[in-house]
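Text of the file protein.csv, holding CSV, C-alpha atoms:
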chain,number,residue,atom,x,y,z
A,10,MET,CA,17.3,6.3,9.4
A,11,GLY,CA,15.9,7.3,12.9
A,12,GLU,CA,17.6,10.1,14.8
A,13,GLU,CA,17.8,9.9,18.6
A,14,GLY,CA,16.8,12.9,20.7
A,15,THR,CA,14.3,14.2,18.1
A,16,GLU,CA,11.1,12.5,19.4
A,17,GLY,CA,11.2,9.7,16.8
A,18,THR,CA,12.1,11.8,13.7
A,19,VAL,CA,12.7,9.6,10.7
A,20,HIS,CA,14.9,10.9,7.8
A,21,LEU,CA,15.0,9.5,4.3
A,22,LEU,CA,18.1,10.4,2.5
A,23,CYS,CA,18.7,9.7,-1.2
A,24,LEU,CA,22.3,9.7,-2.5
A,25,ALA,CA,23.6,9.3,-6.1
A,26,ALA,CA,25.4,5.9,-6.1
A,27,SER,CA,28.0,7.1,-8.7
A,28,SER,CA,29.2,10.1,-6.7
A,29,GLY,CA,27.6,10.1,-3.2
A,30,VAL,CA,26.0,13.5,-3.9
A,31,PRO,CA,22.8,13.9,-1.8
A,32,LEU,CA,19.7,14.2,-4.1
A,33,PHE,CA,17.0,14.8,-1.5
A,34,CYS,CA,16.2,14.4,2.2
A,35,ARG,CA,12.6,14.0,3.5
A,36,SER,CA,11.7,13.9,7.2
A,37,SER,CA,8.8,12.7,9.3
A,38,ARG,CA,8.1,13.1,13.0
A,39,GLY,CA,5.2,11.4,14.8
A,40,GLY,CA,3.8,10.2,11.4
A,41,ALA,CA,3.6,13.7,9.9
A,42,PRO,CA,6.0,15.5,7.5
A,43,ALA,CA,8.6,17.5,9.3
A,44,ARG,CA,10.7,20.5,8.0
A,45,GLN,CA,13.6,19.4,10.1
A,46,GLN,CA,16.4,18.2,7.9
A,47,LEU,CA,19.6,16.3,8.6
A,48,PRO,CA,22.5,18.5,9.5
A,49,PHE,CA,25.0,19.1,6.7
A,50,SER,CA,27.7,17.4,8.8
A,51,VAL,CA,25.7,14.2,8.9
A,52,ILE,CA,25.0,14.3,5.1
A,53,GLY,CA,28.7,15.0,4.6
A,54,SER,CA,29.6,12.0,6.7
A,55,LEU,CA,27.4,9.7,4.8
A,56,ASN,CA,28.9,11.0,1.5
A,57,GLY,CA,32.3,10.4,3.0
A,58,VAL,CA,31.5,6.8,3.9
A,59,HIS,CA,30.4,6.2,0.4
A,60,MET,CA,33.5,7.8,-1.2
A,61,PHE,CA,35.8,6.0,1.4
A,62,GLY,CA,34.2,2.6,0.5
A,63,GLN,CA,34.4,3.3,-3.2
A,64,ASN,CA,38.1,4.1,-3.0
A,65,LEU,CA,38.7,0.7,-1.2
A,66,GLU,CA,36.6,-1.1,-3.9
A,67,VAL,CA,33.9,-1.8,-1.3
A,68,GLN,CA,30.7,-2.8,-3.1
A,69,LEU,CA,27.1,-2.8,-1.9
A,70,SER,CA,26.1,-6.5,-2.0
A,71,SER,CA,22.4,-6.1,-1.1
A,72,ALA,CA,19.8,-3.5,-0.3
A,73,ARG,CA,16.6,-3.9,1.7
A,74,THR,CA,14.4,-1.9,-0.7
A,75,GLU,CA,14.3,-1.0,-4.4
A,76,ASN,CA,13.8,2.5,-5.8
A,77,THR,CA,10.4,1.6,-7.2
A,78,THR,CA,8.7,4.7,-5.9
A,79,VAL,CA,11.1,7.0,-7.7
A,80,VAL,CA,11.2,4.8,-10.8
A,81,LEU,CA,7.4,5.2,-11.0
A,82,LEU,CA,7.7,8.9,-11.6
A,83,LEU,CA,11.1,9.4,-13.2
A,84,GLY,CA,11.9,6.1,-15.0
A,85,LEU,CA,14.8,3.8,-14.5
A,86,GLU,CA,17.0,5.4,-17.2
A,87,GLU,CA,17.0,8.8,-15.5
A,88,LEU,CA,18.1,7.2,-12.2
A,89,THR,CA,20.8,4.8,-13.5
A,90,ASN,CA,22.5,7.2,-16.0
A,91,ILE,CA,22.7,10.5,-14.2
A,92,SER,CA,24.0,13.1,-16.6
A,93,ASN,CA,23.0,16.3,-14.7
A,94,VAL,CA,22.7,16.0,-10.9
A,95,GLU,CA,21.1,19.4,-10.4
A,96,ARG,CA,18.4,18.7,-13.1
A,97,LEU,CA,17.7,15.3,-11.4
A,98,LYS,CA,17.3,17.1,-8.0
A,99,LYS,CA,14.6,19.3,-9.6
A,100,GLU,CA,12.8,16.4,-11.2
A,101,LEU,CA,12.8,14.4,-8.0
A,102,ARG,CA,10.7,17.1,-6.4
A,103,ALA,CA,7.7,15.6,-8.3
A,104,SER,CA,8.1,12.5,-6.1
A,105,TYR,CA,8.1,14.3,-2.7
A,106,ARG,CA,4.4,14.1,-2.1
A,107,LEU,CA,4.3,10.4,-2.7
A,108,ILE,CA,7.5,9.8,-0.6
A,109,ASP,CA,6.1,11.8,2.2
A,110,SER,CA,2.9,9.8,2.2
A,111,PHE,CA,5.0,6.6,2.8
A,112,LEU,CA,6.8,8.3,5.8
A,113,ALA,CA,3.5,9.5,7.2
A,114,ASP,CA,1.1,7.6,9.5
A,115,SER,CA,-1.0,6.2,6.6
A,116,GLU,CA,-4.3,4.3,6.9
A,117,LEU,CA,-3.0,2.0,4.1
A,118,ILE,CA,-0.8,-1.0,4.6
A,119,GLY,CA,0.3,-2.0,1.0
A,120,ASP,CA,3.7,-0.5,1.6
A,121,LEU,CA,4.3,-3.2,4.2
A,122,THR,CA,2.4,-6.2,2.8
A,123,GLN,CA,3.1,-5.5,-0.9
A,124,CYS,CA,-0.6,-6.3,-1.5
A,125,VAL,CA,-3.1,-3.9,-3.0
A,126,ASP,CA,-5.3,-2.1,-0.5
A,127,CYS,CA,-8.9,-2.9,-1.4
A,128,VAL,CA,-12.4,-2.2,-0.2
A,129,VAL,CA,-15.6,-4.2,-0.6
A,130,PRO,CA,-18.4,-2.1,-2.1
A,131,PRO,CA,-22.1,-3.0,-1.4
A,132,GLU,CA,-23.0,-3.0,-5.1
A,133,GLY,CA,-19.7,-4.5,-6.5
A,134,SER,CA,-21.2,-6.3,-9.4
A,135,LEU,CA,-23.0,-3.2,-10.7
A,136,LEU,CA,-19.9,-1.1,-10.4
A,137,GLN,CA,-17.8,-3.8,-12.1
A,138,GLU,CA,-20.2,-3.9,-15.0
A,139,ALA,CA,-20.2,-0.1,-15.4
A,140,LEU,CA,-16.4,-0.1,-15.2
A,141,SER,CA,-16.0,-2.7,-17.9
A,142,GLY,CA,-18.4,-0.9,-20.2
A,143,PHE,CA,-16.6,2.4,-19.6
A,144,ALA,CA,-13.2,0.8,-20.3
A,145,GLU,CA,-14.4,-0.5,-23.6
A,146,ALA,CA,-15.9,2.9,-24.6
A,147,ALA,CA,-12.7,4.7,-23.6
A,148,GLY,CA,-10.5,2.4,-25.5
A,149,THR,CA,-8.2,1.2,-22.7
A,150,ALA,CA,-8.1,-2.2,-20.8
A,151,PHE,CA,-6.5,-0.8,-17.6
A,152,VAL,CA,-9.2,1.0,-15.5
A,153,SER,CA,-9.9,1.1,-11.8
A,154,LEU,CA,-12.1,2.9,-9.3
A,155,VAL,CA,-10.1,4.2,-6.3
A,156,VAL,CA,-11.4,5.6,-3.0
A,157,SER,CA,-8.8,7.2,-0.6
A,158,GLY,CA,-6.0,5.1,-2.2
A,159,ARG,CA,-7.9,1.8,-2.1
A,160,VAL,CA,-9.2,-0.1,-5.1
A,161,VAL,CA,-12.9,-0.5,-5.2
A,162,VAL,CA,-13.2,-2.4,-8.5
A,163,ALA,CA,-10.8,-2.9,-11.5
A,164,THR,CA,-10.6,-4.5,-14.9
A,165,GLU,CA,-8.8,-7.8,-15.3
A,166,SER,CA,-5.9,-6.1,-17.0
A,167,TRP,CA,-5.5,-3.7,-14.1
A,168,TRP,CA,-5.3,-6.6,-11.7
A,169,ARG,CA,-2.6,-8.3,-13.8
A,170,LEU,CA,-0.2,-5.4,-13.3
A,171,GLY,CA,3.0,-6.3,-11.5
A,172,THR,CA,3.2,-6.0,-7.7
A,173,PRO,CA,5.1,-2.8,-7.4
A,174,GLU,CA,2.9,-0.8,-9.8
A,175,ALA,CA,-0.3,-2.4,-8.6
A,176,VAL,CA,0.4,-1.2,-5.1
A,177,LEU,CA,2.0,2.2,-6.0
A,178,LEU,CA,-0.6,3.5,-8.6
A,179,PRO,CA,-3.5,3.6,-6.1
A,180,TRP,CA,-1.2,5.0,-3.5
A,181,LEU,CA,-0.1,7.7,-5.9
A,182,VAL,CA,-3.7,8.6,-6.8
A,183,GLY,CA,-4.5,8.9,-3.1
A,184,SER,CA,-1.5,11.3,-2.6
A,185,LEU,CA,-2.4,13.7,-5.5
A,186,PRO,CA,-4.0,17.1,-4.6
A,187,PRO,CA,-7.7,17.2,-5.3
A,188,GLN,CA,-8.4,18.1,-8.9
A,189,ALA,CA,-11.2,17.3,-11.4
A,190,ALA,CA,-8.7,15.5,-13.7
A,191,HIS,CA,-5.0,14.6,-13.9
A,192,ASP,CA,-2.9,13.5,-16.8
A,193,TYR,CA,0.2,12.1,-15.1
A,194,PRO,CA,3.2,10.4,-16.8
A,195,VAL,CA,4.2,7.2,-15.0
A,196,TYR,CA,6.7,4.4,-15.5
A,197,LEU,CA,5.8,0.9,-14.4
A,198,PRO,CA,8.8,-0.4,-12.3
A,199,HIS,CA,8.0,-4.0,-13.2
A,200,GLY,CA,6.4,-3.8,-16.6
A,201,SER,CA,7.8,-0.7,-18.3
A,202,PRO,CA,10.6,1.0,-16.3
A,203,THR,CA,12.0,2.9,-19.2
A,204,VAL,CA,9.0,3.8,-21.4
A,205,PRO,CA,6.3,6.1,-19.8
A,206,HIS,CA,2.6,5.5,-19.7
A,207,ARG,CA,-0.1,8.0,-18.9
A,208,LEU,CA,-2.2,7.8,-15.7
A,209,LEU,CA,-5.5,9.6,-16.2
A,210,THR,CA,-7.7,10.3,-13.1
A,211,LEU,CA,-11.2,11.7,-13.2
A,212,THR,CA,-13.0,12.7,-10.0
A,213,LEU,CA,-16.5,11.2,-9.9
A,214,LEU,CA,-17.1,12.3,-6.3
A,215,PRO,CA,-14.8,13.9,-3.8
A,216,GLY,CA,-12.3,11.2,-2.8
A,217,LEU,CA,-13.5,8.8,-5.4
A,218,GLU,CA,-11.3,8.6,-8.6
A,219,LEU,CA,-11.7,6.9,-11.9
A,220,CYS,CA,-8.2,5.8,-13.0
A,221,LEU,CA,-7.1,4.9,-16.5
A,222,LEU,CA,-3.6,3.6,-17.4
A,223,CYS,CA,-2.9,4.1,-21.2
A,224,GLY,CA,-0.5,5.2,-23.9
A,225,PRO,CA,-0.8,8.3,-26.1
A,226,ARG,CA,-4.5,7.6,-26.5
A,227,PRO,CA,-7.2,8.4,-25.5
A,228,PRO,CA,-6.5,12.2,-25.0
A,229,LEU,CA,-8.0,13.6,-21.9
A,230,SER,CA,-10.3,15.7,-24.0
A,231,GLN,CA,-11.9,12.6,-25.4
A,232,LEU,CA,-13.2,11.7,-21.9
A,233,ASP,CA,-15.9,14.3,-22.2
A,234,PRO,CA,-18.7,14.8,-19.6
A,235,GLN,CA,-21.2,13.0,-21.8
A,236,LEU,CA,-19.2,9.8,-21.7
A,237,LEU,CA,-18.9,10.0,-18.0
A,238,GLU,CA,-22.6,10.7,-17.5
A,239,ARG,CA,-23.6,7.8,-19.7
A,240,TRP,CA,-21.8,5.2,-17.6
A,241,TRP,CA,-21.7,6.7,-14.1
A,242,GLN,CA,-24.8,8.9,-13.7
A,243,PRO,CA,-26.9,5.7,-13.2
A,244,MET,CA,-24.4,4.5,-10.7
A,245,LEU,CA,-24.6,7.6,-8.4
A,246,GLU,CA,-26.1,5.9,-5.4
A,247,PRO,CA,-23.6,2.9,-5.5
A,248,LEU,CA,-20.8,5.4,-5.9
A,249,LYS,CA,-21.9,7.4,-2.9
A,250,ALA,CA,-22.0,4.1,-0.9
A,251,CYS,CA,-18.2,3.8,-1.6
A,252,LEU,CA,-17.2,7.0,0.1
A,253,PRO,CA,-17.3,5.7,3.7
A,254,LEU,CA,-15.4,2.6,2.7
A,255,GLY,CA,-12.0,4.4,2.7
A,256,PRO,CA,-11.1,3.7,6.4
A,257,ARG,CA,-13.8,1.0,6.9
A,258,ALA,CA,-13.0,-1.3,4.0
A,259,LEU,CA,-16.1,-3.4,4.7
A,260,PRO,CA,-19.8,-2.6,3.9
A,261,ALA,CA,-21.9,-1.1,6.6
A,262,GLY,CA,-23.6,-3.8,8.7
A,263,PHE,CA,-21.1,-6.5,7.9
A,264,PRO,CA,-21.2,-8.9,10.9
A,265,LEU,CA,-18.1,-8.8,13.0
A,266,HIS,CA,-17.6,-10.0,16.6
A,267,THR,CA,-17.8,-7.1,19.0
A,268,ASP,CA,-14.3,-7.9,20.4
A,269,ILE,CA,-12.6,-7.2,17.0
A,270,LEU,CA,-10.8,-3.8,17.1
A,271,GLY,CA,-9.0,-4.2,13.8
A,272,LEU,CA,-8.3,-6.7,11.1
A,273,LEU,CA,-6.0,-7.4,8.2
A,274,LEU,CA,-7.0,-10.0,5.6
A,275,LEU,CA,-4.5,-10.9,2.9
A,276,HIS,CA,-5.0,-13.0,-0.2
A,277,LEU,CA,-1.4,-14.0,-0.9
A,278,GLU,CA,-1.9,-15.3,-4.4
A,279,LEU,CA,-4.0,-12.4,-5.7
A,280,LYS,CA,-1.8,-9.9,-3.7
A,281,ARG,CA,-4.8,-8.0,-2.4
A,282,CYS,CA,-5.7,-7.1,1.2
A,283,LEU,CA,-8.4,-5.6,3.4
A,284,PHE,CA,-7.3,-3.5,6.3
A,285,THR,CA,-9.4,-1.6,8.8
A,286,VAL,CA,-9.3,-0.4,12.4
A,287,GLU,CA,-12.8,1.0,12.3
A,288,PRO,CA,-14.7,-1.8,14.2
A,289,SER,CA,-15.7,-0.7,17.7
A,290,GLY,CA,-14.2,2.7,17.1
A,291,ASP,CA,-15.3,4.1,20.4
A,292,LYS,CA,-13.0,1.8,22.4
A,293,ASP,CA,-9.3,2.0,23.3
A,294,PRO,CA,-6.7,1.9,21.8
A,295,SER,CA,-6.8,4.8,19.3
A,296,PRO,CA,-6.9,4.1,15.5
A,297,GLU,CA,-3.3,5.1,15.2
A,298,GLN,CA,-2.3,2.7,18.0
A,299,ARG,CA,-4.4,-0.1,16.4
A,300,ARG,CA,-2.6,0.4,13.0
A,301,CYS,CA,0.7,0.3,14.7
A,302,LEU,CA,-0.1,-2.9,16.6
A,303,LEU,CA,-1.3,-4.7,13.5
A,304,ARG,CA,1.6,-3.5,11.4
A,305,SER,CA,4.1,-4.7,14.1
A,306,PHE,CA,2.2,-8.0,14.5
A,307,TYR,CA,2.2,-8.6,10.7
A,308,THR,CA,6.0,-8.0,10.6
A,309,LEU,CA,6.5,-10.5,13.5
A,310,VAL,CA,4.3,-13.3,12.2
A,311,THR,CA,5.6,-13.0,8.6
A,312,ALA,CA,9.2,-13.2,9.7
A,313,MET,CA,8.9,-15.8,12.4
A,314,HIS,CA,5.7,-17.9,12.2
A,315,PHE,CA,4.6,-18.2,8.6
A,316,PRO,CA,6.4,-19.4,5.4
A,317,PRO,CA,7.5,-17.0,2.7
A,318,GLU,CA,4.6,-15.8,0.6
A,319,PRO,CA,4.1,-17.7,-2.7
A,320,GLY,CA,6.5,-16.7,-5.5
A,321,GLN,CA,8.5,-14.4,-3.2
A,322,GLN,CA,11.7,-16.5,-3.0
A,323,GLU,CA,12.9,-20.0,-3.5
A,324,GLU,CA,12.2,-22.4,-0.7
A,325,LYS,CA,15.3,-23.5,1.1
A,326,VAL,CA,15.9,-27.2,1.6
A,327,GLU,CA,15.8,-26.9,5.4
A,328,ASP,CA,12.5,-24.9,5.1
A,329,ALA,CA,11.0,-27.7,3.0
A,330,ALA,CA,12.1,-30.3,5.6
A,331,HIS,CA,10.3,-28.4,8.4
A,332,ARG,CA,7.3,-27.4,6.3
A,333,ALA,CA,5.0,-29.7,8.3
A,334,GLN,CA,6.1,-27.9,11.5
A,335,VAL,CA,5.0,-24.4,10.3
A,336,PRO,CA,2.2,-23.2,12.5
A,337,ARG,CA,-1.2,-22.3,11.0
A,338,ALA,CA,-2.1,-20.0,13.8
A,339,CYS,CA,-0.5,-18.0,16.6
A,340,TYR,CA,-1.5,-15.3,19.1
A,341,LEU,CA,0.2,-12.6,21.2
A,342,VAL,CA,-1.0,-10.7,24.2
A,343,SER,CA,0.1,-7.1,24.4
A,344,GLY,CA,0.6,-6.6,28.1
A,345,THR,CA,-0.3,-9.3,30.7
A,346,GLU,CA,-2.5,-12.3,30.2
A,347,GLU,CA,-4.6,-11.4,33.3
A,348,PRO,CA,-8.3,-11.5,32.6
A,349,GLY,CA,-9.5,-8.1,31.2
A,350,THR,CA,-6.0,-6.8,30.5
A,351,GLY,CA,-3.8,-6.7,27.5
A,352,TRP,CA,-5.0,-6.5,23.9
A,353,ARG,CA,-5.1,-9.8,22.0
A,354,LEU,CA,-3.5,-10.3,18.5
A,355,VAL,CA,-4.1,-13.5,16.6
A,356,ALA,CA,-3.0,-14.7,13.1
A,357,LEU,CA,-4.5,-17.5,11.2
A,358,GLN,CA,-3.6,-18.9,7.7
A,359,LEU,CA,-5.8,-21.1,5.6
A,360,GLY,CA,-4.8,-21.8,2.0
A,361,PRO,CA,-3.9,-18.5,0.3
A,362,ARG,CA,-5.6,-16.3,2.9
A,363,ARG,CA,-4.0,-14.9,6.1
A,364,LEU,CA,-6.0,-13.1,8.7
A,365,LEU,CA,-4.7,-10.9,11.5
A,366,LEU,CA,-7.0,-9.7,14.2
A,367,LEU,CA,-6.6,-7.2,17.0
A,368,LEU,CA,-9.0,-8.0,19.8
A,369,SER,CA,-10.1,-6.3,23.0
A,370,ALA,CA,-8.8,-7.3,26.4
A,371,GLN,CA,-12.1,-9.0,27.3
A,372,SER,CA,-11.6,-11.7,24.6
A,373,PRO,CA,-10.5,-15.0,26.3
A,374,SER,CA,-7.2,-16.4,25.1
A,375,HIS,CA,-8.7,-20.0,24.8
A,376,GLY,CA,-11.3,-18.8,22.2
A,377,LEU,CA,-9.0,-16.8,19.9
A,378,ARG,CA,-8.5,-19.5,17.3
A,379,SER,CA,-12.2,-20.3,17.1
A,380,LEU,CA,-13.1,-16.6,16.7
A,381,ALA,CA,-10.4,-16.1,14.0
A,382,THR,CA,-11.6,-19.2,12.1
A,383,HIS,CA,-15.2,-18.0,12.2
A,384,THR,CA,-14.2,-14.5,11.0
A,385,LEU,CA,-12.0,-15.9,8.2
A,386,HIS,CA,-14.8,-18.0,6.9
A,387,ALA,CA,-17.2,-15.0,7.0
A,388,LEU,CA,-14.6,-12.8,5.1
A,389,THR,CA,-13.6,-15.5,2.5
A,390,PRO,CA,-16.3,-14.6,-0.1
A,391,LEU,CA,-15.2,-11.0,-0.1
A,392,LEU,CA,-11.5,-11.6,-1.0
Would you give me this structure, written as structure tokens?
Amino acid sequence: MGEEGTEGTVHLLCLAASSGVPLFCRSSRGGAPARQQLPFSVIGSLNGVHMFGQNLEVQLSSARTENTTVVLLLGLEELTNISNVERLKKELRASYRLIDSFLADSELIGDLTQCVDCVVPPEGSLLQEALSGFAEAAGTAFVSLVVSGRVVVATESWWRLGTPEAVLLPWLVGSLPPQAAHDYPVYLPHGSPTVPHRLLTLTLLPGLELCLLCGPRPPLSQLDPQLLERWWQPMLEPLKACLPLGPRALPAGFPLHTDILGLLLLHLELKRCLFTVEPSGDKDPSPEQRRCLLRSFYTLVTAMHFPPEPGQQEEKVEDAAHRAQVPRACYLVSGTEEPGTGWRLVALQLGPRRLLLLLSAQSPSHGLRSLATHTLHALTPLL
């Protein structure tokens, strides 16, 4: 919920459905975690509304989000069968860092698109070969290389993970405190919500993590330095080239039109995306404003101008009847359409790919579709 009069403070309040008891409250102001909490009177009012509705046999018929973030760390059983509220409150503290990262002004966009944030490494084939060899030597099929919460390369089994965990696991890795290695219990909201797995992370370079999803084996001690050196020491230079890819997503020197201030490319079938506001970084608006503009534009075009993403929901009869009328491209001008004023936003869909561009005010409106089409063709081999 947003609270008026507090400069855009956002509060996330979690209540136990069975009793209405508040479990935690996290706050964010201006995209950063805030210590300010909801007043006890407001929490009490929300609890009262819950109890009042329950006494009148009012039932919640729908919710906009699922508790996948909390399920990832605690498991579904712990959340649906609460035996000790105070113990649950303590256990929920383990999820605060991840929850706060969703409330913050993140450079990622998977929380909105439900697609995995990815980057394109310059030496992708070499890294993929090393990753596959390491996975076989380590004895697990689920391995990925993650930089700043974005997947660089991954094994086929990792890519086959369900949508919630495929998005949440890299995000979780990006939110963990820097450490040489982690052995973290996780539940898969889609694939295994009641039986925990282990998420092992090994820091190859600062900000670059090797991630393994496994069962009881292998033990962390088995992943000794000799095994890491065997597979990753020869890859030192390709690994270093991945470090700047966090905010940039694309390899250095990738040809983009000078009017492009930011882009979002989604592959709707693979559920992967590339997101960057780094092109022409010396121009207005700021990176934070660019991310905000693209996120808002994505929400707009997804809701109003493009069909539901494949597999998301059943297509209604009336939707099928008007399928031929669904636009393949649309654009918006933020501000006025006078020459040299107002940033341009354009969206183009071709097959399973959808491209959103943020363009400078100098970009002529009549050339937006052509520029977007050319950019999409150039990016298609990457995703």
For range 207-260 of chain A versus range 126-149 of chain A, which residues have an atom no more than 7 Å away, and what is each residue's nearest atom pair and distance in Å rounded to one decimal, using only C-alpha atoms, chain-then-number order, as CSV?
residue,atom,partner,partner_atom,distance
A:Cys223,CA,A:Thr149,CA,6.2
A:Pro227,CA,A:Gly148,CA,6.8
A:Trp240,CA,A:Ala139,CA,6.0
A:Pro247,CA,A:Glu132,CA,5.9
A:Cys251,CA,A:Pro130,CA,5.9
A:Leu254,CA,A:Val128,CA,6.4
A:Ala258,CA,A:Val128,CA,4.3
A:Leu259,CA,A:Val129,CA,5.4
A:Pro260,CA,A:Pro131,CA,5.8
File of the preceding selection, C-alpha atoms, as an mmCIF file, in the coordinates of the input:
data_model
loop_
_atom_site.group_PDB
_atom_site.id
_atom_site.type_symbol
_atom_site.label_atom_id
_atom_site.label_comp_id
_atom_site.auth_asym_id
_atom_site.auth_seq_id
_atom_site.Cartn_x
_atom_site.Cartn_y
_atom_site.Cartn_z
ATOM 1 C CA CYS A 223 -2.900 4.100 -21.200
ATOM 2 C CA PRO A 227 -7.200 8.400 -25.500
ATOM 3 C CA TRP A 240 -21.800 5.200 -17.600
ATOM 4 C CA PRO A 247 -23.600 2.900 -5.500
ATOM 5 C CA CYS A 251 -18.200 3.800 -1.600
ATOM 6 C CA LEU A 254 -15.400 2.600 2.700
ATOM 7 C CA ALA A 258 -13.000 -1.300 4.000
ATOM 8 C CA LEU A 259 -16.100 -3.400 4.700
ATOM 9 C CA PRO A 260 -19.800 -2.600 3.900
#
Inset, instruction - Extract, using all atoms listed in the file, all DNA, RNA and protein residues at most 9 Å from Leu209 in chain A, discarding same-chain residues fewer than 2 positions from it, and format them as a ChimeraX atom specification. - result: /A:190-194,207,211,219-223,229
Inset, instruction - Determine, counting only C-alpha atoms, every residue of protein, DNA or RNA that lies within 12 Å of (0.9, -1.4, -2.6) in the file coordinates, then give the result as a PyMOL selection string. - result: chain A and resi 77-78+111+117-127+158-160+170-183+280-283
Selected residues, C-alpha atoms, written as a CSV table (one decimal), keeping the file's coordinate frame, please.
chain,number,residue,atom,x,y,z
A,77,THR,CA,10.4,1.6,-7.2
A,78,THR,CA,8.7,4.7,-5.9
A,111,PHE,CA,5.0,6.6,2.8
A,117,LEU,CA,-3.0,2.0,4.1
A,118,ILE,CA,-0.8,-1.0,4.6
A,119,GLY,CA,0.3,-2.0,1.0
A,120,ASP,CA,3.7,-0.5,1.6
A,121,LEU,CA,4.3,-3.2,4.2
A,122,THR,CA,2.4,-6.2,2.8
A,123,GLN,CA,3.1,-5.5,-0.9
A,124,CYS,CA,-0.6,-6.3,-1.5
A,125,VAL,CA,-3.1,-3.9,-3.0
A,126,ASP,CA,-5.3,-2.1,-0.5
A,127,CYS,CA,-8.9,-2.9,-1.4
A,158,GLY,CA,-6.0,5.1,-2.2
A,159,ARG,CA,-7.9,1.8,-2.1
A,160,VAL,CA,-9.2,-0.1,-5.1
A,170,LEU,CA,-0.2,-5.4,-13.3
A,171,GLY,CA,3.0,-6.3,-11.5
A,172,THR,CA,3.2,-6.0,-7.7
A,173,PRO,CA,5.1,-2.8,-7.4
A,174,GLU,CA,2.9,-0.8,-9.8
A,175,ALA,CA,-0.3,-2.4,-8.6
A,176,VAL,CA,0.4,-1.2,-5.1
A,177,LEU,CA,2.0,2.2,-6.0
A,178,LEU,CA,-0.6,3.5,-8.6
A,179,PRO,CA,-3.5,3.6,-6.1
A,180,TRP,CA,-1.2,5.0,-3.5
A,181,LEU,CA,-0.1,7.7,-5.9
A,182,VAL,CA,-3.7,8.6,-6.8
A,183,GLY,CA,-4.5,8.9,-3.1
A,280,LYS,CA,-1.8,-9.9,-3.7
A,281,ARG,CA,-4.8,-8.0,-2.4
A,282,CYS,CA,-5.7,-7.1,1.2
A,283,LEU,CA,-8.4,-5.6,3.4
Inset, instruction - State, in Å with one decimal place, the distance from CA of His206 in chain A to CA of Gly224 in chain A. - result: 5.2 Å
Inset, instruction - Return the single residue from A:Leu236, A:Leu252, A:Ala150, A:Val79 that is closest to Leu107 in chain A, with distances computed using only C-alpha atoms. - result: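 Of all the options, A:Val79 lies closest to Leu107 in chain A.
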Inset, instruction - Could you please determine the separation between CA of Leu365 in chain A and CA of Val161 in chain A in Å, to one decimal place? - result: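 CA of Val161 in chain A lies at a distance of 21.3 Å from CA of Leu365 in chain A.
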Legend entry - Minimum-distance residue to His276 in chain A, chosen among A:Thr164, A:Ser37, A:Gln358, A:Thr382 (using only C-alpha atoms): A:Gln358
Inset, instruction - One decimal, Å: what's the distance from CA of Pro294 in chain A over to CA of Asp109 in chain A, could you say? - result: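 Separation between CA of Pro294 in chain A and CA of Asp109 in chain A: 25.4 Å.
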Inset, instruction - Mind checking which residues fall within 12 Å of range 308-313 of chain A, counting only C-alpha atoms, ignoring those fewer than 2 positions away in the same chain, and posting them as a ChimeraX atom specification? - result: /A:118,120-122,275,277,301-306,315-318,335-341,354-358,363-365
Legend entry - Proximity to Leu380 in chain A - best of A:His266, A:His314, A:Arg362, A:Arg300, all atoms listed in the file: A:His266
Inset, instruction - Would you kindly return, as a ChimeraX atom specification, each protein, DNA or RNA residue with an atom no farther than 12 Å from any atom of Thr267 in chain A, considering only C-alpha atoms and excluding same-chain residues fewer than 4 positions away? - result: /A:263,271,287-292,367-372,380,384
Inset, instruction - Determine the nearest neighbour of Leu274 in chain A from the options A:Gln235, A:Thr350, A:Thr89, A:Thr389, counting all atoms listed in the file. - result: A:Thr389
Inset, instruction - Go through A:Leu377, A:Ala250, A:Leu391, A:Leu245 and flag the residue nearest Asp268 in chain A, using all atoms listed in the file for the distances. - result: A:Leu377
Inset, instruction - For range 200-205 of chain A, work out the shell of residues within 6 Å, counting all atoms listed in the file and skipping chain neighbours fewer than 6 positions away, then give it as a PyMOL selection string. - result: chain A and resi 84-86
For the residues selected in the previous step, produce a file with C-alpha atoms as an mmCIF file, keeping the file's coordinate frame.
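To be explicit, this is the file written out as part05.cif:
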data_model
loop_
_atom_site.group_PDB
_atom_site.id
_atom_site.type_symbol
_atom_site.label_atom_id
_atom_site.label_comp_id
_atom_site.auth_asym_id
_atom_site.auth_seq_id
_atom_site.Cartn_x
_atom_site.Cartn_y
_atom_site.Cartn_z
ATOM 1 C CA GLY A 84 11.900 6.100 -15.000
ATOM 2 C CA LEU A 85 14.800 3.800 -14.500
ATOM 3 C CA GLU A 86 17.000 5.400 -17.200
#
Inset, instruction - Go through A:Leu154, A:Ala189, A:Leu213, A:Ala381 and flag the residue nearest Trp168 in chain A, using only C-alpha atoms for the distances. - result: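 Nearest to Trp168 in chain A: A:Leu154.
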